[in-house]
Each structure stands twice: as C-alpha cells, then as structure tokens.
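So the structure is just underneath, and the comments pick up after that.
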Amino acid sequence: MSGFPTQPVRIRWLLSHVQAAAVLCVLVTCAKAATISEQCATDLEAIPGFLLENDTGAKDELAQWGQAHFETALAKAREDAAKAQDVEACNKTLNAYLKAWRKGHLAVADVPRANTLADAPGKVEASLVPTIRLLSDTTALLTIPTFAGEFREPLIHLIAQHRKALVARTNWIIDVRDNDGGNDSTYYPLLPWLMPDERENVGAAWLATPANIVGQELVCSFYEPGDKECEKYSAEAMMRMRAVAPGSYAQQEDDPAIHYVRVEKLEPHRPGRVAVLVDGRCGSSCEEFLLTVRQSFSVKLVGRHSHGSLDYSNVRPHVLPSGERVLLYATSRSNRLPVLPVDVAGVQPDIYLPEPPNEEARKNEVLQVQRWLERGSLAPTATITSRPNGPIH
C-alpha cells in the first residue's frame with residue numbers, strides 16, 4: 001500500500017466514515033478556537049514540529065531546501081491564516097504551506113460531518129471503474145483510472161469476464177493516465193499476465209513513532225473499512241514498528257532491502273507486446289506499478305513522466321489541534337533512497353509522447369499506440385516517411 005498522492009493527482013482517501021473521525025478525536029484535545037482564523041493558526045503552528053518528528057520525508061526535505069526556505073513559507077502561511085474567513089480559505093493556506101515541504105503524499109482535509117456524507121458505504125464512483133475495450137482482433141485496451149482498494153475486485157471480475165478475448169489478443173494497451181494510486185495489491189491481478197520474468201522488488205521502511213503507530217491502527221477505518229487485506233497489512237506494520245526503538249526505522253519485510261521474486265500462477269497465454277500509457281497524473285501506487293511492470297521484456301512505458309509521489313509513502317491521518325481537520329502525511333521511506341529517487345522527476349517513459357493539447361488529441365494517443373503495436377510506427381500518420389535502404393551517414 002503506497003498511500004495516496006495529493007493534487008494535482010486526486011486524493012483517494014475515503015473520508016466517509018464519521019466513526020473513524022470520532023475515534024481520532026478522542027485521541028487528541030479537539031479544542032475549539034473562537035474563530036476560523038484562530039483555528040487555522042493553531043493547526044498551522046502544530047504542523048512543522050509534527051512533520052519533523054513523524055513524516056518520513058520532512059528531515060530530508062529540510063536538509064535539501066534549508067531552514068530559510070521553510071521559515072519564509074511559514075511566515076507567509078501565518079499571514080494568510082490570520083486572514084482566513086472560512087474553512088476553504090484555511091485549507092488552501094495550509095495546503096500551500098505543505099507544498100513548500102513536498103508536492104505529494106502531504107495534505108490537510110476536513111474531518112467530515114454526518115450531514116455531509118453523500119455516498120453510501122461500499123458505493124464506488126462509476127468513472128473510476130476499470131474497463132476493457134477491444135480495439136481490433138489483435139489489440140485490447142485496459143483503462144485503469146485508479147488502484148484504490150475498492151477497485152481490486154472489479155478488476156479481477158473484469159479480467160475474468162473478458163479472459164477469452166484477452167487471451168486472443170497479443171497486444172495490450174494499459175492506460176493509467178490520471179491514475180491516482182491507491183493500493184499496490186489492486187494491480188496484482190495483472191502481474192500474471194505481464195511478468196513472466198524475475199523482477200526486482202525494492203522495499204521500504206516504516207518510521208516508528210507513537211503517532212505513526214496510532215495512524216497505522218486507524219488507517220483501514222479511514223481508507224478501506226472492512227478490507228481484510230488492509231487490516232492484515234496494518235497489523236503486521238504495527239507489529240514491526242513496535243519491535244524497534246521509537247524514532248527508528250523498521251523494514252516492511254523480513255527479506256533484504258532488495259530481493260528478487262517471480263509471480264506465481266502465470267497465465268499460460270500472455271500478451272506479447274504491452275504498452276503502458278502514462279502521464280504526469282500517475283502517482284503513488286501507479287508509479288509502483290510502472291517500476292514493477294517495466295522490468296518485463298514485453299512491457300514498454302509510453303507517454304510522459306509520472307507525477308513523482310512515491311519516495312515517502314503510506315499516508316496516515318493525524319487530527320490537528322482544532323479537531324476540524326486532519327493532516328495526511330507519509331510514514332514510510334523507500335529503500336531506493338538516496339540513490340534512485342522518484343519524487344524528483346517521476347518515472348520516465350521508455351518512449352516519450354508530447355503533452356496532448358486537448359481532449360481529442362488525448363484520445364488519439366490510444367490510436368497512435370495501437371498503430372505502433374500493430375504496424376510498428378508511433379509517428380502521426382501524416383509524418384510517416386519511408387527511408388531508403390542502405391547505411392545511414
């Protein structure tokens with residue numbers, strides 16, 4: 001579970017369970033400031049110290065940018081917080097301040113109230129459901145808008161429903177543009193189709209602090225109520241974090257920081273060519289998916305670099321002093337650091353495609369990649385030219 005990135009990648013944190021918010025509130029003093037601006041100022045002042053103690057990226061970012069950078073950002077946030085007249089203005093101020101620390105896996109959000117709940121538990125957003133479209137006799141398009149945990153079973157069902165058609169097509173396009181991340185386990189059903197080769201798995205480590213253990217205990221209630229995979233994952237994380245000294249790191253797995261694995265129960269008939277279509281809004285677990293599948297000889301990443309929200313991950317909630325909002329922050333750190341950071345420039349594509357200027361051009365990227373898989377050319381039709389035989393000088 002890599003956590004959830006912040007804007008411009010959507011936050012898929014499912015703050016729709018008031019019970020979880022109530023549990024959090026009894027763990028802190030939910031003091032009610034007299035005005036919104038005072039509440040805002042109170043929450044702002046609590047953030048820097050909390051991040052430096054509990055967020056896995058904060059100390060690295062302080063070392064990188066220097067104390068003056070954050071003092072300037074805090075001074076500006078104090079001015080804006082004092083002027084905040086409503087909750088929206090306060091949240092905008094706090095999130096702008098957090099951007100000075102890191103662009104992803106760091107945000108504030110309101111604690112929801114019962115009369116604001118719009119969706120029934122278990123209801124999923126239709127626009128985020130994965131789909132399969134058969135583009136031709138040889139090419140299938142899988143569109144996966146999110147790897148959020150509640151879409152794991154829909155993806156499994158979708159693959160089973162279209163198994164015969166998928167087996168018959170040697171070319172796949174997997175569209176993860178706009179994919180906001182979620183849980184690594186959501187994309188696991190795809191791996192038997194994509195990963196016939198041994199792959200390298202670089203793990204991560206948990207920062208063990210009292211606040212992080214509390215966040216770990218509550219994470220499933222916040223993000224995925226009733227999800228057994230989440231509960232199992234969280235329980236193991238708490239066990240590992242409690243086994244080390246407070247303030248130190250606990251490895252997420254018993255294996256070495258880098259280990260090598262093979263996918264079990266491989267599909268006997270896999271696609272020969274897979275193009276993963278990616279853009280700058282693919283973040284978090286979507287980026288973990290890219291790092292995994294690009295190790296297969298049959299997979300190429302096509303498009304633009306990803307968002308860059310993965311090095312500091314596994315977002316957990318912490319209620320701020322006002323009791324009106326939660327801080328969402330990172331509790332794990334990738335073992336790739338400091339040698340191979342993703343947050344600096346994202347995951348790079350194997351083949352670059354320029355940013356499409358409009359929605360029509362964005363749709364045409366799929367057709368462009370289809371033509372490449374079927375005919376061997378990514379060039380727009382009007383620019384395809386023949387090259388004379390013989391050596392090139």
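Ordered as shown in the structure tokens, chains take letters A, B, and onward, while each chain numbers its residues from 1 and ligands are numbered from 1 in the order shown.
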Next item on the list: Using DSSP on the backbone coordinates, identify all residues within range 134-223 of chain A classified as strand (DSSP E); present the result as a ChimeraX atom specification.
Entry: /A:134,139-143,171-175,199-202,204-207
Note to self: as a ChimeraX atom specification, please: every residue in range 192-373 of chain A that a backbone DSSP assignment puts in alpha helix (DSSP H).
What the structure shows: /A:192-194,210-223,228-242,285-293,359-373
Store the residues of this selection in a file with C-alpha atoms, as a PDB file, in the first residue's frame.
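part.pdb was written with the following content:
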```
ATOM      1  CA  PRO A 192       0.498 -12.981 -14.010  1.00  0.00           C
ATOM      2  CA  TRP A 193      -0.260 -11.584 -17.489  1.00  0.00           C
ATOM      3  CA  LEU A 194       2.690  -9.181 -17.599  1.00  0.00           C
ATOM      4  CA  PRO A 210       3.811   6.734  18.693  1.00  0.00           C
ATOM      5  CA  ALA A 211       1.775   8.926  16.318  1.00  0.00           C
ATOM      6  CA  ASN A 212       2.618   6.738  13.333  1.00  0.00           C
ATOM      7  CA  ILE A 213       1.536   3.599  15.167  1.00  0.00           C
ATOM      8  CA  VAL A 214      -1.792   5.273  16.018  1.00  0.00           C
ATOM      9  CA  GLY A 215      -2.216   6.298  12.393  1.00  0.00           C
ATOM     10  CA  GLN A 216      -1.448   2.760  11.314  1.00  0.00           C
ATOM     11  CA  GLU A 217      -4.102   1.418  13.679  1.00  0.00           C
ATOM     12  CA  LEU A 218      -6.769   3.730  12.248  1.00  0.00           C
ATOM     13  CA  VAL A 219      -5.845   3.714   8.566  1.00  0.00           C
ATOM     14  CA  CYS A 220      -8.242   0.982   7.443  1.00  0.00           C
ATOM     15  CA  SER A 221     -11.199   2.679   9.155  1.00  0.00           C
ATOM     16  CA  PHE A 222     -10.366   5.817   7.218  1.00  0.00           C
ATOM     17  CA  TYR A 223      -9.482   4.425   3.817  1.00  0.00           C
ATOM     18  CA  LYS A 228      -9.190  -7.656   5.075  1.00  0.00           C
ATOM     19  CA  GLU A 229      -6.039  -7.048   3.043  1.00  0.00           C
ATOM     20  CA  CYS A 230      -5.712  -3.603   4.605  1.00  0.00           C
ATOM     21  CA  GLU A 231      -6.299  -4.939   8.118  1.00  0.00           C
ATOM     22  CA  LYS A 232      -3.699  -7.671   7.679  1.00  0.00           C
ATOM     23  CA  TYR A 233      -1.165  -5.234   6.245  1.00  0.00           C
ATOM     24  CA  SER A 234      -1.743  -2.698   9.017  1.00  0.00           C
ATOM     25  CA  ALA A 235      -1.482  -5.263  11.815  1.00  0.00           C
ATOM     26  CA  GLU A 236       1.868  -6.500  10.523  1.00  0.00           C
ATOM     27  CA  ALA A 237       3.123  -2.925  10.160  1.00  0.00           C
ATOM     28  CA  MET A 238       2.223  -2.138  13.775  1.00  0.00           C
ATOM     29  CA  MET A 239       3.991  -5.273  14.963  1.00  0.00           C
ATOM     30  CA  ARG A 240       7.187  -4.297  13.151  1.00  0.00           C
ATOM     31  CA  MET A 241       7.044  -0.686  14.328  1.00  0.00           C
ATOM     32  CA  ARG A 242       6.576  -1.699  17.973  1.00  0.00           C
ATOM     33  CA  SER A 285       0.859   3.037  -6.325  1.00  0.00           C
ATOM     34  CA  CYS A 286       0.501   3.839 -10.011  1.00  0.00           C
ATOM     35  CA  GLU A 287       4.217   4.638 -10.022  1.00  0.00           C
ATOM     36  CA  GLU A 288       4.969   1.438  -8.113  1.00  0.00           C
ATOM     37  CA  PHE A 289       3.082  -0.362 -10.895  1.00  0.00           C
ATOM     38  CA  LEU A 290       5.311   1.307 -13.502  1.00  0.00           C
ATOM     39  CA  LEU A 291       8.509   0.361 -11.662  1.00  0.00           C
ATOM     40  CA  THR A 292       7.295  -3.235 -11.461  1.00  0.00           C
ATOM     41  CA  VAL A 293       5.993  -3.904 -14.957  1.00  0.00           C
ATOM     42  CA  GLU A 359      -9.071  16.063 -25.150  1.00  0.00           C
ATOM     43  CA  GLU A 360      -9.318  14.910 -28.766  1.00  0.00           C
ATOM     44  CA  ALA A 361      -5.545  14.655 -29.020  1.00  0.00           C
ATOM     45  CA  ARG A 362      -5.505  12.784 -25.710  1.00  0.00           C
ATOM     46  CA  LYS A 363      -7.933  10.206 -27.098  1.00  0.00           C
ATOM     47  CA  ASN A 364      -5.838   9.902 -30.239  1.00  0.00           C
ATOM     48  CA  GLU A 365      -2.847   8.803 -28.159  1.00  0.00           C
ATOM     49  CA  VAL A 366      -4.548   5.441 -27.757  1.00  0.00           C
ATOM     50  CA  LEU A 367      -4.909   5.090 -31.545  1.00  0.00           C
ATOM     51  CA  GLN A 368      -1.297   6.176 -32.004  1.00  0.00           C
ATOM     52  CA  VAL A 369      -0.069   3.491 -29.605  1.00  0.00           C
ATOM     53  CA  GLN A 370      -2.354   0.918 -31.246  1.00  0.00           C
ATOM     54  CA  ARG A 371      -0.795   1.720 -34.630  1.00  0.00           C
ATOM     55  CA  TRP A 372       2.667   1.301 -33.103  1.00  0.00           C
ATOM     56  CA  LEU A 373       1.809  -2.125 -31.687  1.00  0.00           C
TER      57      LEU A 373
END
```
Notebook entry, point to check: Which polymer residues have any atom within 8 Å of an atom of Gly247 in chain A, counting only C-alpha atoms, with same-chain residues fewer than 3 positions away left out, as a PyMOL selection string?
Noted result: chain A and resi 53+207-209
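Residue nearest Ile258 in chain A within the list A:His305, A:Arg199, A:His157, A:His105: A:Arg199 [criterion: smallest interatomic distance, only C-alpha atoms].
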Check: Can you tell me, as a list in words, what residues are no more than 10 Å from Lys265 in chain A when counting only C-alpha atoms, ignoring any on the same chain fewer than 2 positions away?
Finding: Leu191, Pro192, Trp193, Pro196, Arg262, Val263, Glu267 and Pro268 of chain A
So that I have them on file, write out the residues from the current selection with N, CA and C atoms, as an mmCIF file, in the first residue's frame.
```
data_model
loop_
_atom_site.group_PDB
_atom_site.id
_atom_site.type_symbol
_atom_site.label_atom_id
_atom_site.label_comp_id
_atom_site.auth_asym_id
_atom_site.auth_seq_id
_atom_site.Cartn_x
_atom_site.Cartn_y
_atom_site.Cartn_z
ATOM 1 N N LEU A 191 -0.338 -8.882 -12.826
ATOM 2 C CA LEU A 191 1.046 -9.332 -12.923
ATOM 3 C C LEU A 191 1.214 -10.710 -13.563
ATOM 4 N N PRO A 192 0.331 -11.695 -13.321
ATOM 5 C CA PRO A 192 0.498 -12.981 -14.010
ATOM 6 C C PRO A 192 0.417 -12.872 -15.538
ATOM 7 N N TRP A 193 -0.188 -11.816 -16.043
ATOM 8 C CA TRP A 193 -0.260 -11.584 -17.489
ATOM 9 C C TRP A 193 0.973 -10.846 -18.017
ATOM 10 N N PRO A 196 6.433 -12.529 -16.790
ATOM 11 C CA PRO A 196 6.966 -13.894 -16.859
ATOM 12 C C PRO A 196 8.406 -13.980 -16.378
ATOM 13 N N ARG A 262 9.415 -14.041 -8.361
ATOM 14 C CA ARG A 262 8.690 -14.403 -9.577
ATOM 15 C C ARG A 262 7.209 -14.482 -9.247
ATOM 16 N N VAL A 263 6.388 -14.069 -10.176
ATOM 17 C CA VAL A 263 4.945 -14.126 -9.988
ATOM 18 C C VAL A 263 4.500 -15.580 -10.071
ATOM 19 N N GLU A 267 -0.211 -16.729 -16.214
ATOM 20 C CA GLU A 267 -1.162 -17.056 -17.266
ATOM 21 C C GLU A 267 -0.424 -17.778 -18.399
ATOM 22 N N PRO A 268 -0.970 -18.879 -18.892
ATOM 23 C CA PRO A 268 -0.261 -19.624 -19.945
ATOM 24 C C PRO A 268 -0.194 -18.886 -21.275
#
```
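Nearest to Arg281 in chain A of all the residues A:Arg336, A:Pro145, A:Asn201, A:Phe151 is A:Pro145, counting only C-alpha atoms.
Summary of the local environment: counting only C-alpha atoms, residues at most 6 Å from Ala107 in chain A, other than itself and those fewer than 3 positions away along its chain, are Asn95, Leu327 and Leu328 of chain A.
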Notebook entry, point to check: Restricting the calculation to only C-alpha atoms, which member of A:Val274, A:Ile144, A:Val261, A:Leu310 is positioned closest to Val342 in chain A?
Noted result: A:Leu310
How close does range 180-203 of chain A get to range 312-324 of chain A? List, as CSV, each residue of range 180-203 of chain A within 12 Å, its nearest atom pair and the distance in Å to one decimal, counting only C-alpha atoms.
```
residue,atom,partner,partner_atom,distance
A:Gly181,CA,A:Ser313,CA,11.0
A:Gly182,CA,A:Asn314,CA,9.5
A:Asn183,CA,A:Asn314,CA,9.4
A:Asp184,CA,A:Asn314,CA,10.8
A:Gly203,CA,A:Ser313,CA,11.6
```
I need the residues from that last selection saved to file as a PDB file, in the first residue's frame (with C-alpha atoms), if you can.
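Saved as selection_12.pdb:
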```
ATOM      1  CA  GLY A 181      -2.667   5.383  -6.990  1.00  0.00           C
ATOM      2  CA  GLY A 182      -4.145   3.543  -4.026  1.00  0.00           C
ATOM      3  CA  ASN A 183      -3.042   0.022  -3.067  1.00  0.00           C
ATOM      4  CA  ASP A 184      -0.286  -1.993  -4.716  1.00  0.00           C
ATOM      5  CA  GLY A 203      11.116  -2.455  -0.276  1.00  0.00           C
TER       6      GLY A 203
END
```
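Using only C-alpha atoms for every distance, the candidate list A:Trp101, A:Asn179, A:Asp279, A:Thr139 yields A:Trp101 as the residue closest to Lys59 in chain A.
As for CA of Ile174 in chain A and CA of Asn335 in chain A, they are spaced 27.2 Å apart.
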Check: Hey, what's within 9 Å of Ala82 in chain A if we count only C-alpha atoms and toss same-chain stuff fewer than 5 positions away? As a PyMOL selection string, please?
Finding: chain A and resi 36-38+40-41+77
Put those residues in a file: N, CA and C atoms, as an mmCIF file, in the first residue's frame.
```
data_model
loop_
_atom_site.group_PDB
_atom_site.id
_atom_site.type_symbol
_atom_site.label_atom_id
_atom_site.label_comp_id
_atom_site.auth_asym_id
_atom_site.auth_seq_id
_atom_site.Cartn_x
_atom_site.Cartn_y
_atom_site.Cartn_z
ATOM 1 N N ILE A 36 -12.435 31.058 12.944
ATOM 2 C CA ILE A 36 -11.809 30.204 11.940
ATOM 3 C C ILE A 36 -10.340 30.551 11.778
ATOM 4 N N SER A 37 -10.007 31.834 11.793
ATOM 5 C CA SER A 37 -8.612 32.235 11.629
ATOM 6 C C SER A 37 -7.760 31.746 12.798
ATOM 7 N N GLU A 38 -8.322 31.743 14.003
ATOM 8 C CA GLU A 38 -7.581 31.239 15.160
ATOM 9 C C GLU A 38 -7.401 29.729 15.070
ATOM 10 N N CYS A 40 -7.236 28.108 12.327
ATOM 11 C CA CYS A 40 -6.265 27.919 11.250
ATOM 12 C C CYS A 40 -4.845 28.131 11.761
ATOM 13 N N ALA A 41 -4.646 29.192 12.528
ATOM 14 C CA ALA A 41 -3.328 29.487 13.080
ATOM 15 C C ALA A 41 -2.864 28.387 14.029
ATOM 16 N N ALA A 77 2.417 31.710 5.410
ATOM 17 C CA ALA A 77 1.229 30.970 5.841
ATOM 18 C C ALA A 77 0.605 31.625 7.071
#
```
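The space between CA of Ile47 in chain A and CA of Cys90 in chain A spans 13.6 Å.
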